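Student: Got input.tsv for you, TSV, C-alpha atoms:
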chain	number	residue	atom	x	y	z
D	1	ARG	CA	-18.46	36.79	-68.07
D	2	LYS	CA	-21.56	37.21	-70.22
D	3	GLU	CA	-21.88	34.88	-73.19
D	4	VAL	CA	-22.34	37.81	-75.56
D	5	GLU	CA	-21.37	41.36	-74.68
D	6	GLN	CA	-22.03	44.65	-76.39
D	7	ASP	CA	-21.37	48.23	-75.44
D	8	PRO	CA	-24.88	49.57	-74.78
D	9	GLY	CA	-24.00	53.04	-76.02
D	10	PRO	CA	-25.67	55.28	-76.94
D	11	PHE	CA	-23.46	56.17	-79.84
D	12	ASN	CA	-24.40	59.66	-80.99
D	13	VAL	CA	-22.94	60.37	-84.42
D	14	PRO	CA	-23.56	63.07	-87.04
D	15	GLU	CA	-25.08	62.24	-90.38
D	16	GLY	CA	-22.47	61.02	-92.81
D	17	ALA	CA	-20.15	59.67	-90.14
D	18	THR	CA	-18.73	56.18	-90.00
D	19	VAL	CA	-19.47	54.20	-86.86
D	20	ALA	CA	-18.40	50.75	-85.70
D	21	PHE	CA	-19.75	48.41	-83.06
D	22	ASN	CA	-18.09	45.39	-81.57
D	23	CYS	CA	-19.60	42.36	-79.94
D	24	THR	CA	-17.58	39.79	-78.00
D	25	TYR	CA	-18.60	36.20	-77.34
D	26	SER	CA	-17.26	33.77	-74.79
D	27	ASN	CA	-17.76	30.33	-76.36
D	28	SER	CA	-15.06	29.59	-78.92
D	29	ALA	CA	-17.22	26.81	-80.41
D	30	SER	CA	-19.82	29.33	-81.59
D	31	GLN	CA	-20.64	28.68	-85.20
D	32	SER	CA	-22.72	31.39	-86.77
D	33	PHE	CA	-23.23	35.06	-86.19
D	34	PHE	CA	-25.75	37.71	-87.11
D	35	TRP	CA	-26.51	41.37	-86.70
D	36	TYR	CA	-30.10	42.44	-86.09
D	37	ARG	CA	-31.60	45.90	-86.04
D	38	GLN	CA	-34.36	46.80	-83.61
D	39	ASP	CA	-36.34	50.01	-83.77
D	40	CYS	CA	-38.02	51.38	-80.67
D	41	ARG	CA	-40.97	49.21	-79.60
D	42	LYS	CA	-40.59	46.96	-82.64
D	43	GLU	CA	-39.32	43.45	-83.17
D	44	PRO	CA	-35.69	42.65	-84.08
D	45	LYS	CA	-35.12	42.34	-87.81
D	46	LEU	CA	-32.22	40.58	-89.45
D	47	LEU	CA	-29.70	43.07	-90.80
D	48	MET	CA	-27.03	40.68	-92.04
D	49	SER	CA	-25.27	37.43	-91.39
D	50	VAL	CA	-21.59	37.53	-90.55
D	51	TYR	CA	-19.31	35.33	-92.60
D	52	SER	CA	-15.81	34.22	-91.75
D	53	SER	CA	-14.28	36.17	-94.60
D	54	GLY	CA	-16.26	39.30	-93.80
D	55	ASN	CA	-19.14	40.60	-95.86
D	56	GLU	CA	-20.60	43.82	-97.07
D	57	ASP	CA	-24.13	44.96	-97.85
D	58	GLY	CA	-24.21	48.49	-99.15
D	59	ARG	CA	-23.05	50.81	-96.39
D	60	PHE	CA	-22.82	47.97	-93.89
D	61	THR	CA	-19.79	45.75	-93.34
D	62	ALA	CA	-19.67	42.83	-90.94
D	63	GLN	CA	-16.52	41.06	-89.81
D	64	LEU	CA	-15.68	38.07	-87.67
D	65	ASN	CA	-12.50	37.63	-85.68
D	66	ARG	CA	-12.50	34.09	-84.32
D	67	ALA	CA	-9.09	34.39	-82.69
D	68	SER	CA	-10.23	37.28	-80.52
D	69	GLN	CA	-13.85	36.11	-80.39
D	70	TYR	CA	-15.61	39.19	-81.59
D	71	ILE	CA	-17.75	40.36	-84.45
D	72	SER	CA	-18.06	43.90	-85.70
D	73	LEU	CA	-20.47	46.01	-87.66
D	74	LEU	CA	-19.32	49.07	-89.58
D	75	ILE	CA	-21.79	51.60	-90.90
D	76	ARG	CA	-20.52	54.12	-93.42
D	77	ASP	CA	-22.20	57.40	-94.37
D	78	SER	CA	-24.70	57.17	-91.50
D	79	LYS	CA	-28.27	58.18	-92.23
D	80	LEU	CA	-30.89	59.43	-89.81
D	81	SER	CA	-32.82	56.24	-90.56
D	82	ASP	CA	-29.96	54.16	-89.19
D	83	SER	CA	-30.93	55.27	-85.68
D	84	ALA	CA	-31.87	52.04	-83.88
D	85	THR	CA	-30.51	49.45	-81.50
D	86	TYR	CA	-28.18	46.88	-83.06
D	87	LEU	CA	-28.17	43.39	-81.58
D	88	CYS	CA	-25.50	40.81	-82.18
D	89	VAL	CA	-26.51	37.16	-82.15
D	90	VAL	CA	-24.35	34.10	-81.69
D	91	ASN	CA	-25.46	30.56	-82.58
D	92	LEU	CA	-24.03	27.36	-81.21
D	93	ASN	CA	-25.08	23.78	-81.80
D	94	SER	CA	-25.20	22.29	-78.33
D	95	GLY	CA	-26.36	18.76	-77.61
D	96	GLY	CA	-28.21	18.60	-80.91
D	97	TYR	CA	-30.00	21.87	-80.24
D	98	GLN	CA	-29.40	25.30	-81.60
D	99	LYS	CA	-28.44	27.61	-78.75
D	100	VAL	CA	-29.02	31.21	-79.73
D	101	THR	CA	-27.66	34.03	-77.59
D	102	PHE	CA	-28.51	37.67	-78.10
D	103	GLY	CA	-26.46	40.61	-76.96
D	104	THR	CA	-28.33	43.35	-75.11
D	105	GLY	CA	-27.79	45.72	-78.01
D	106	THR	CA	-25.95	48.91	-78.89
D	107	LYS	CA	-28.03	52.01	-79.36
D	108	LEU	CA	-27.16	54.29	-82.26
D	109	GLN	CA	-28.50	57.80	-82.62
D	110	VAL	CA	-27.65	59.60	-85.85
D	111	ILE	CA	-28.08	63.34	-85.45
D	112	PRO	CA	-28.62	65.94	-88.18
A	1	ASP	CA	-40.62	36.13	-96.97
A	2	VAL	CA	-41.01	34.45	-93.63
A	3	LYS	CA	-44.11	35.54	-91.80
A	4	VAL	CA	-44.39	35.11	-88.05
A	5	THR	CA	-47.69	36.34	-86.67
A	6	GLN	CA	-48.45	36.99	-83.04
A	7	SER	CA	-52.10	37.13	-82.06
A	8	SER	CA	-52.07	40.49	-80.28
A	9	ARG	CA	-49.89	43.60	-80.39
A	10	TYR	CA	-51.14	44.88	-77.04
A	11	LEU	CA	-52.79	42.98	-74.22
A	12	VAL	CA	-53.91	44.00	-70.74
A	13	LYS	CA	-54.73	41.34	-68.17
A	14	ARG	CA	-55.24	41.12	-64.43
A	15	THR	CA	-53.13	39.44	-61.79
A	16	GLY	CA	-54.02	35.78	-61.43
A	17	GLU	CA	-55.53	35.39	-64.88
A	18	LYS	CA	-54.43	32.62	-67.22
A	19	VAL	CA	-53.02	34.27	-70.33
A	20	PHE	CA	-52.48	32.75	-73.76
A	21	LEU	CA	-50.13	34.24	-76.34
A	22	GLU	CA	-50.32	32.68	-79.78
A	23	CYS	CA	-47.73	32.56	-82.52
A	24	VAL	CA	-48.07	31.21	-86.04
A	25	GLN	CA	-45.39	30.91	-88.73
A	26	ASP	CA	-45.95	30.12	-92.39
A	27	MET	CA	-42.53	28.81	-93.45
A	28	ASP	CA	-42.73	25.27	-92.14
A	29	HIS	CA	-39.94	25.97	-89.66
A	30	GLU	CA	-39.15	23.24	-87.18
A	31	ASN	CA	-37.83	25.59	-84.49
A	32	MET	CA	-39.94	28.06	-82.58
A	33	PHE	CA	-39.01	30.26	-79.64
A	34	TRP	CA	-40.58	32.53	-77.06
A	35	TYR	CA	-38.63	35.43	-75.59
A	36	ARG	CA	-39.38	38.33	-73.33
A	37	GLN	CA	-37.57	41.61	-73.64
A	38	ASP	CA	-37.17	44.10	-70.83
A	39	PRO	CA	-35.17	47.35	-70.73
A	40	GLY	CA	-31.54	46.74	-69.90
A	41	LEU	CA	-31.94	42.96	-69.92
A	42	GLY	CA	-32.19	42.25	-73.63
A	43	LEU	CA	-33.97	39.20	-74.99
A	44	ARG	CA	-34.34	36.31	-72.59
A	45	LEU	CA	-35.41	32.89	-73.77
A	46	ILE	CA	-38.46	31.46	-72.02
A	47	TYR	CA	-39.11	28.23	-73.92
A	48	PHE	CA	-38.33	26.74	-77.28
A	49	SER	CA	-39.53	23.84	-79.38
A	50	TYR	CA	-37.76	21.79	-82.02
A	51	ASP	CA	-40.73	19.78	-83.18
A	52	VAL	CA	-44.40	19.20	-82.67
A	53	LYS	CA	-45.21	18.28	-79.06
A	54	MET	CA	-41.60	18.90	-78.04
A	55	LYS	CA	-40.54	21.68	-75.72
A	56	GLU	CA	-37.43	22.70	-73.87
A	57	LYS	CA	-36.96	25.19	-71.07
A	58	GLY	CA	-35.02	28.30	-71.81
A	59	ASP	CA	-33.35	30.58	-69.32
A	60	ILE	CA	-36.45	31.87	-67.51
A	61	PRO	CA	-39.28	29.29	-67.74
A	62	GLU	CA	-40.73	29.85	-64.28
A	63	GLY	CA	-44.35	30.93	-64.38
A	64	TYR	CA	-44.76	29.94	-68.03
A	65	SER	CA	-45.70	26.89	-70.04
A	66	VAL	CA	-45.94	26.25	-73.78
A	67	SER	CA	-47.86	24.13	-76.24
A	68	ARG	CA	-46.90	22.97	-79.72
A	69	GLU	CA	-49.72	20.82	-81.08
A	70	LYS	CA	-49.12	21.82	-84.70
A	71	LYS	CA	-45.89	22.64	-86.45
A	72	GLU	CA	-46.93	26.15	-87.39
A	73	ARG	CA	-48.26	27.19	-83.99
A	74	PHE	CA	-46.46	27.77	-80.69
A	75	SER	CA	-48.43	29.03	-77.71
A	76	LEU	CA	-47.08	30.64	-74.56
A	77	ILE	CA	-49.19	30.33	-71.43
A	78	LEU	CA	-48.92	32.38	-68.29
A	79	GLU	CA	-50.49	30.05	-65.76
A	80	SER	CA	-51.33	32.76	-63.21
A	81	ALA	CA	-50.26	36.17	-64.42
A	82	SER	CA	-48.25	38.38	-62.10
A	83	THR	CA	-47.20	42.00	-62.41
A	84	ASN	CA	-43.55	41.01	-62.95
A	85	GLN	CA	-44.62	39.35	-66.17
A	86	THR	CA	-45.44	42.71	-67.70
A	87	SER	CA	-43.12	42.78	-70.68
A	88	MET	CA	-42.69	42.64	-74.44
A	89	TYR	CA	-43.07	39.04	-75.64
A	90	LEU	CA	-41.47	38.01	-78.90
A	91	CYS	CA	-41.98	34.81	-80.86
A	92	ALA	CA	-39.42	33.62	-83.39
A	93	SER	CA	-38.96	30.71	-85.77
A	94	SER	CA	-36.08	29.21	-87.70
A	95	THR	CA	-34.96	26.14	-89.60
A	96	PRO	CA	-32.98	23.52	-87.64
A	97	SER	CA	-29.70	24.55	-89.20
A	98	GLY	CA	-27.53	26.49	-86.79
A	99	ASN	CA	-26.43	28.69	-89.65
A	100	GLN	CA	-29.83	30.20	-90.23
A	101	PRO	CA	-31.18	33.26	-88.42
A	102	GLN	CA	-34.38	33.53	-86.45
A	103	HIS	CA	-37.34	35.49	-87.76
A	104	PHE	CA	-39.48	37.40	-85.31
A	105	GLY	CA	-43.12	38.27	-84.98
A	106	ASP	CA	-44.21	41.84	-84.25
A	107	GLY	CA	-44.26	41.22	-80.53
A	108	THR	CA	-46.97	41.41	-77.90
A	109	ARG	CA	-46.76	44.13	-75.30
A	110	LEU	CA	-48.41	42.55	-72.26
A	111	SER	CA	-49.42	44.54	-69.21
A	112	ILE	CA	-50.51	42.76	-66.04
A	113	LEU	CA	-52.46	44.98	-63.67
Since I need it in another form, could you write the structure as C-alpha cells?
Tutor:
Amino acid sequence: RKEVEQDPGPFNVPEGATVAFNCTYSNSASQSFFWYRQDCRKEPKLLMSVYSSGNEDGRFTAQLNRASQYISLLIRDSKLSDSATYLCVVNLNSGGYQKVTFGTGTKLQVIP
Amino acid sequence: DVKVTQSSRYLVKRTGEKVFLECVQDMDHENMFWYRQDPGLGLRLIYFSYDVKMKEKGDIPEGYSVSREKKERFSLILESASTNQTSMYLCASSTPSGNQPQHFGDGTRLSIL
C-alpha cells in the first residue's frame, strides 16, 4: 500500500460546481497535513494546512479524519482558475527527522 | 514571504557531464530538500539536509550527491549525467517543526541529451 494515495483524476467539473478530493495515508502516527496546488510546469504552492477540527479558507474547506486516515479538500463554486493538480502532503516525525510524503496529485479541470 | 531560488529554470546538458543545481533560501530554514518530479510518479525525494554539512539520503539518491556548506544554500550534483535523469528538479525548505509546510523554488527543468 502506498504511504499516501490520491485519485489521479482528472476531475472535469463545470464552473460553479462543488468538487471534493480525498487523500488516504497509511501511517497512523502522521502528524500534520497539507494541501498544495500545482499548475502545469510550475512548482507546488501551499494551498492550506489541514487542522484536526477542519478549516476553511474562502471557497476551500479541508478536513482530517484520523480514524479513517484520510484528508479531504472541498472546493465550492469552482472557478476556471482552480484548474490545477492538487497534492496532499503528510508529515511524520521519524527518528528525529521530518518525513514528508507527497501524494501523486489529483488533476482538476474546471470547464466553462 | 519565503523565497526559495533555484539557479536555472531550464538546463540542457550532455550525457556524462557533471551537473550542478543550486538552491538558495532566504528564511534561515534549517531543512532543505531536493526532489525530482516525473509524470505519473509524483515528487520523489533525492536528498535532504537538516543542518549545515549534514545530509541524508532520500528515496532515490543513486546517481546524485549534495552539498550544504552554508545554511542558505543546498546544491544537488549529478556526478555523471544520464538520460534517465532528465526531469523537473524541485528544491524546498522548511523549519524543523513537523507542523510547518515546505516552500518550493520555481524548479529546474533539466534535459540530458
Student: Interatomic distance between CA of Arg59 in chain D and CA of Leu74 in chain D?
Tutor: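 It comes out at 8.0 Å.
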Student: Can you work out which residues from chain A touch chain D at a cut-off of 9 Å (counting all atoms listed in the file) and hand them back as a compact mmCIF listing (two decimals) with C-alpha atoms, keeping the file's coordinate frame?
Tutor:
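File written: out.txt
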# COMPACT_ATOMS: atom_id res chain seq x y z
CA ASN A 31 -37.83 25.59 -84.49
CA GLY A 40 -31.54 46.74 -69.90
CA LEU A 41 -31.94 42.96 -69.92
CA GLY A 42 -32.19 42.25 -73.63
CA LEU A 43 -33.97 39.20 -74.99
CA ARG A 44 -34.34 36.31 -72.59
CA LEU A 45 -35.41 32.89 -73.77
CA TYR A 50 -37.76 21.79 -82.02
CA MET A 88 -42.69 42.64 -74.44
CA LEU A 90 -41.47 38.01 -78.90
CA PRO A 96 -32.98 23.52 -87.64
CA SER A 97 -29.70 24.55 -89.20
CA GLY A 98 -27.53 26.49 -86.79
CA ASN A 99 -26.43 28.69 -89.65
CA GLN A 100 -29.83 30.20 -90.23
CA PRO A 101 -31.18 33.26 -88.42
CA GLN A 102 -34.38 33.53 -86.45
CA HIS A 103 -37.34 35.49 -87.76
CA PHE A 104 -39.48 37.40 -85.31
CA GLY A 105 -43.12 38.27 -84.98
CA ASP A 106 -44.21 41.84 -84.25
CA GLY A 107 -44.26 41.22 -80.53
CA ARG A 109 -46.76 44.13 -75.30
Student: Tell me, in Å to one decimal, how far CA of Gly58 in chain A is from CA of Glu79 in chain A.
Tutor: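 CA of Gly58 in chain A sits 16.7 Å away from CA of Glu79 in chain A.
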Student: To one decimal in Å, tell me the separation between CA of Val19 in chain D and CA of Asp39 in chain D.
Tutor: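 It comes out at 17.7 Å.
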Student: From the set A:Ser65, A:Ile60, A:Arg73, A:Gly16, which residue has the shortest atom-to-atom contact distance to Gln37 in chain A, counting all atoms listed in the file?
Tutor: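 Counting all atoms listed in the file, the residue closest to Gln37 in chain A is A:Ile60.
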Student: Return the single residue from A:Asp38, A:Glu62, A:Glu72, A:Glu56 that is closest to Cys23 in chain A, with distances computed using only C-alpha atoms.
Tutor: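 Answer, going by the shortest atom-to-atom distance: A:Glu72.
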Student: Got a sec: who's within 7 Å of Val13 in chain D, counting all atoms listed in the file, leaving out chain neighbours fewer than 5 positions off, as a JSON list (two decimals) with C-alpha atoms, in the coordinates of the input?
Tutor:
[["chain", "number", "residue", "atom", "x", "y", "z"],
["D", 109, "GLN", "CA", -28.50, 57.80, -82.62],
["D", 110, "VAL", "CA", -27.65, 59.60, -85.85],
["D", 111, "ILE", "CA", -28.08, 63.34, -85.45]]
Student: I want to know what sits within 8 Å of Lys71 in chain A, based on all atoms listed in the file, with residues of the same chain fewer than 3 positions away left out; could you give that as a CSV table (one decimal) with C-alpha atoms, in the frame of the given file?
Tutor:
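Saved result, around27.csv, follows:
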chain,number,residue,atom,x,y,z
A,28,ASP,CA,-42.7,25.3,-92.1
A,29,HIS,CA,-39.9,26.0,-89.7
A,30,GLU,CA,-39.2,23.2,-87.2
A,51,ASP,CA,-40.7,19.8,-83.2
A,52,VAL,CA,-44.4,19.2,-82.7
A,68,ARG,CA,-46.9,23.0,-79.7
A,74,PHE,CA,-46.5,27.8,-80.7
Student: Set up a box along x, y and z of the file covering all listed atoms of range 97-106 of chain A, add 4 Å on every one of the six sides, and write the centre and edge lengths in Å to one decimal, as AutoDock Vina command-line options.
Tutor:
--center_x -35.3 --center_y 33.2 --center_z -87.2 --size_x 25.8 --size_y 25.3 --size_z 14.0
Student: Taking 5 positions as the minimum chain separation for residues in the same chain, which residues sit within 12 Å of Gly58 in chain D when counting all atoms listed in the file? Answer as number ranges by chain.
Tutor: D: 47-48, 74-78
Student: Leaving out Trp34 in chain A and any residue of its chain fewer than 3 positions from it, which residues lie within 7 Å of it when counting all atoms listed in the file, given as JSON, numbers by chain?
Tutor: {"A": [45, 46, 47, 48, 90, 91, 92]}
Student: Calculated over all atoms listed in the file, which of the candidates A:Ser67, A:Ser75, A:Ser87, A:Ser49 has the smallest distance to Leu113 in chain A?
Tutor: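 Closest to Leu113 in chain A, using all atoms listed in the file: A:Ser87.
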Student: Where atoms are missing, can you supply all heavy atoms for range 91-102 of chain A and output the lot as a compact mmCIF listing (two decimals), in the coordinates of the input?
Tutor:
# COMPACT_ATOMS: atom_id res chain seq x y z
N CYS A 91 -42.04 36.16 -80.33
CA CYS A 91 -41.98 34.81 -80.86
C CYS A 91 -41.04 34.81 -82.06
O CYS A 91 -40.98 35.79 -82.81
CB CYS A 91 -43.38 34.36 -81.27
SG CYS A 91 -43.46 32.76 -82.08
N ALA A 92 -40.32 33.73 -82.24
CA ALA A 92 -39.42 33.62 -83.39
C ALA A 92 -39.45 32.19 -83.92
O ALA A 92 -39.81 31.26 -83.20
CB ALA A 92 -37.99 34.00 -83.01
N SER A 93 -39.07 32.05 -85.19
CA SER A 93 -38.96 30.71 -85.77
C SER A 93 -37.71 30.64 -86.62
O SER A 93 -37.17 31.67 -87.05
CB SER A 93 -40.19 30.36 -86.59
OG SER A 93 -40.22 31.08 -87.82
N SER A 94 -37.25 29.41 -86.84
CA SER A 94 -36.08 29.21 -87.70
C SER A 94 -36.06 27.77 -88.18
O SER A 94 -36.76 26.91 -87.65
CB SER A 94 -34.78 29.54 -86.94
OG SER A 94 -34.49 28.54 -85.99
N THR A 95 -35.21 27.51 -89.18
CA THR A 95 -34.96 26.14 -89.60
C THR A 95 -34.02 25.50 -88.58
O THR A 95 -33.41 26.20 -87.76
CB THR A 95 -34.30 26.11 -90.98
OG1 THR A 95 -33.02 26.73 -90.88
CG2 THR A 95 -35.14 26.87 -92.00
N PRO A 96 -33.85 24.18 -88.63
CA PRO A 96 -32.98 23.52 -87.64
C PRO A 96 -31.51 23.86 -87.81
O PRO A 96 -30.74 23.74 -86.87
CB PRO A 96 -33.20 22.03 -87.90
CG PRO A 96 -34.44 21.94 -88.70
CD PRO A 96 -34.56 23.21 -89.47
N SER A 97 -31.10 24.28 -88.98
CA SER A 97 -29.70 24.55 -89.20
C SER A 97 -29.21 25.68 -88.32
O SER A 97 -29.82 26.74 -88.24
CB SER A 97 -29.46 24.94 -90.67
OG SER A 97 -28.17 25.48 -90.82
N GLY A 98 -28.08 25.45 -87.66
CA GLY A 98 -27.53 26.49 -86.79
C GLY A 98 -27.02 27.69 -87.54
O GLY A 98 -26.71 28.72 -86.96
N ASN A 99 -26.94 27.59 -88.86
CA ASN A 99 -26.43 28.69 -89.65
C ASN A 99 -27.51 29.63 -90.15
O ASN A 99 -27.23 30.56 -90.90
CB ASN A 99 -25.66 28.15 -90.85
CG ASN A 99 -24.43 27.38 -90.42
OD1 ASN A 99 -23.81 27.73 -89.41
ND2 ASN A 99 -24.09 26.34 -91.14
N GLN A 100 -28.74 29.37 -89.76
CA GLN A 100 -29.83 30.20 -90.23
C GLN A 100 -30.35 31.10 -89.11
O GLN A 100 -30.40 30.70 -87.96
CB GLN A 100 -30.98 29.32 -90.75
CG GLN A 100 -30.59 28.51 -91.96
CD GLN A 100 -30.13 29.40 -93.10
OE1 GLN A 100 -30.80 30.37 -93.44
NE2 GLN A 100 -28.99 29.07 -93.68
N PRO A 101 -30.72 32.32 -89.44
CA PRO A 101 -31.18 33.26 -88.42
C PRO A 101 -32.61 32.99 -88.00
O PRO A 101 -33.36 32.28 -88.68
CB PRO A 101 -31.09 34.61 -89.14
CG PRO A 101 -31.35 34.26 -90.58
CD PRO A 101 -30.72 32.92 -90.79
N GLN A 102 -32.99 33.58 -86.90
CA GLN A 102 -34.38 33.53 -86.45
C GLN A 102 -35.16 34.69 -87.06
O GLN A 102 -34.61 35.77 -87.32
CB GLN A 102 -34.45 33.63 -84.92
CG GLN A 102 -33.80 32.44 -84.23
CD GLN A 102 -33.94 32.51 -82.74
OE1 GLN A 102 -34.47 33.46 -82.18
NE2 GLN A 102 -33.48 31.48 -82.06
